[in-house]
Amino acid sequence: MNVILFGGTGMIGRGVLRECLRDDSVTAVLCVGRTPLGVSHPKLRERIQDDPSDLCAPDLDLASFDACFFCLGVSAVGMKEQEYRRVTHDLTLAAARPLAAANPRLTFAYVSGEGTDSTEQSRTMWARVKGETENDLLQLPFRAYMFRPGLVQPVRGMPSKTLLYRVGYVVTAPLFPLLRRIAPNLVTTTEVLGRAMIAVATPDAGVRTRILRPQDINRLGQSPPDQR
């Protein structure tokens with residue numbers, strides 16, 4: 001499997017990258033982003049550019065990719081809707097459209113969020129924008145999967161780049177074992193999320209739903225291939 005990954009420097013993206021590099025079914029990974037990863041691996045290539053969604057370079061063979069794992073995103077805290085929409089919806093679709101045109105058989109896995117509103121009518125700004133982004137991705141001619149994790153526990157040294165989230169993870173870290181026991185379908189980890197993305201991109205994976213909730217993510221990320 002040849003993977004193109006967006007958002008590899010973020011908490012979830014780094015977790016997904018780690019699983020891609022560990023998984024034998026993934027033969028190569030191209031990470032596209034604005035800043036270097038600081039990671040070296042025989043399977044890994046990096047493409048550093050100011051606009052991650054610009055895939056027009058002649059040396060990019062978009063048809064060669066089997067899967068795109070889109071983990072690029074920002075917190076809506078303190079952002080106005082127009083700006084949040086630009087970096088959430090517009091940037092995502094700018095990357096997705098040429099990939100879909102180049103290879104309609106590609107699997108596109110998008111990190112959305114629990115609480116996303118598919119009707120696009122929510123009073124919550126981020127939920128509306130995420131819902132619009134999901135809907136537009138699902139209309140494109142590739143296999144698109146919307147990942148809506150709830151609480152994501154960073155593992156293997158994968159902290160969030162957002163200060164508020166980092167503080168929150170430190171404060172709530174002791175509660176994660178309890179949450180996993182009393183609400184197992186609410187919590188997942190960066191490790192499980194990465195494995196679930198690889199699972200949906202596996203040929204003949206047989207994943208029927210295109211919107212994956214926390215329980216779906218945990219099932220795919222924790223189960224052996226023949227039980228997915």
# chains A, B, ... in the order shown; residues from 1 in each chain; ligands from 1
$ residues_around --residues "Ile217 (chain A)" --least-positions-apart "2" --cutoff "12 Å" --atoms "only C-alpha atoms" --output "PyMOL selection string"
chain A and resi 109+111+113-114+145-152+184-200+207+209-215+219-223+228
$ residues_around --residues "Asp54 (chain A)" --least-positions-apart "2" --cutoff "10 Å" --atoms "only C-alpha atoms" --output "list in words"
Val32, Gln49, Asp50, Asp51, Pro52, Cys56, Ala57, Leu91, Ala94, Ala95 and Pro98 of chain A
$ residues_around --residues "Pro203 (chain A)" --least-positions-apart "2" --cutoff "10 Å" --atoms "only C-alpha atoms" --output "list in words"
Met1, Asp66, Thr107, Ala199, Val200, Ala201, Ala205 and Gly206 of chain A
$ select_by_dssp --residues "region 2-101 of chain A" --states "strand (DSSP E or B)" --output "VMD selection string"
chain A and resid 2 to 6 28 to 33 44 to 48 67 to 70
$ residues_around --residues "Ala76 (chain A)" --least-positions-apart "6" --cutoff "9 Å" --atoms "only C-alpha atoms" --output "VMD selection string"
chain A and resid 84 125 to 126
$ closest_residue --among "A:Glu120, A:Glu132, A:Asp204, A:Asp61" --to "Leu99 (chain A)" --atoms "only C-alpha atoms"
A:Asp61
$ closest_residue --among "A:Ser112, A:Asn103, A:Thr35, A:Thr119" --to "Phe142 (chain A)" --atoms "only C-alpha atoms"
A:Asn103
$ closest_residue --among "A:Leu62, A:Cys20, A:Gly38, A:Thr9" --to "Arg105 (chain A)" --atoms "only C-alpha atoms"
A:Leu62
$ atom_distance --atom1 "CA of Ala28 (chain A)" --atom2 "CA of Val3 (chain A)"
6.2 Å
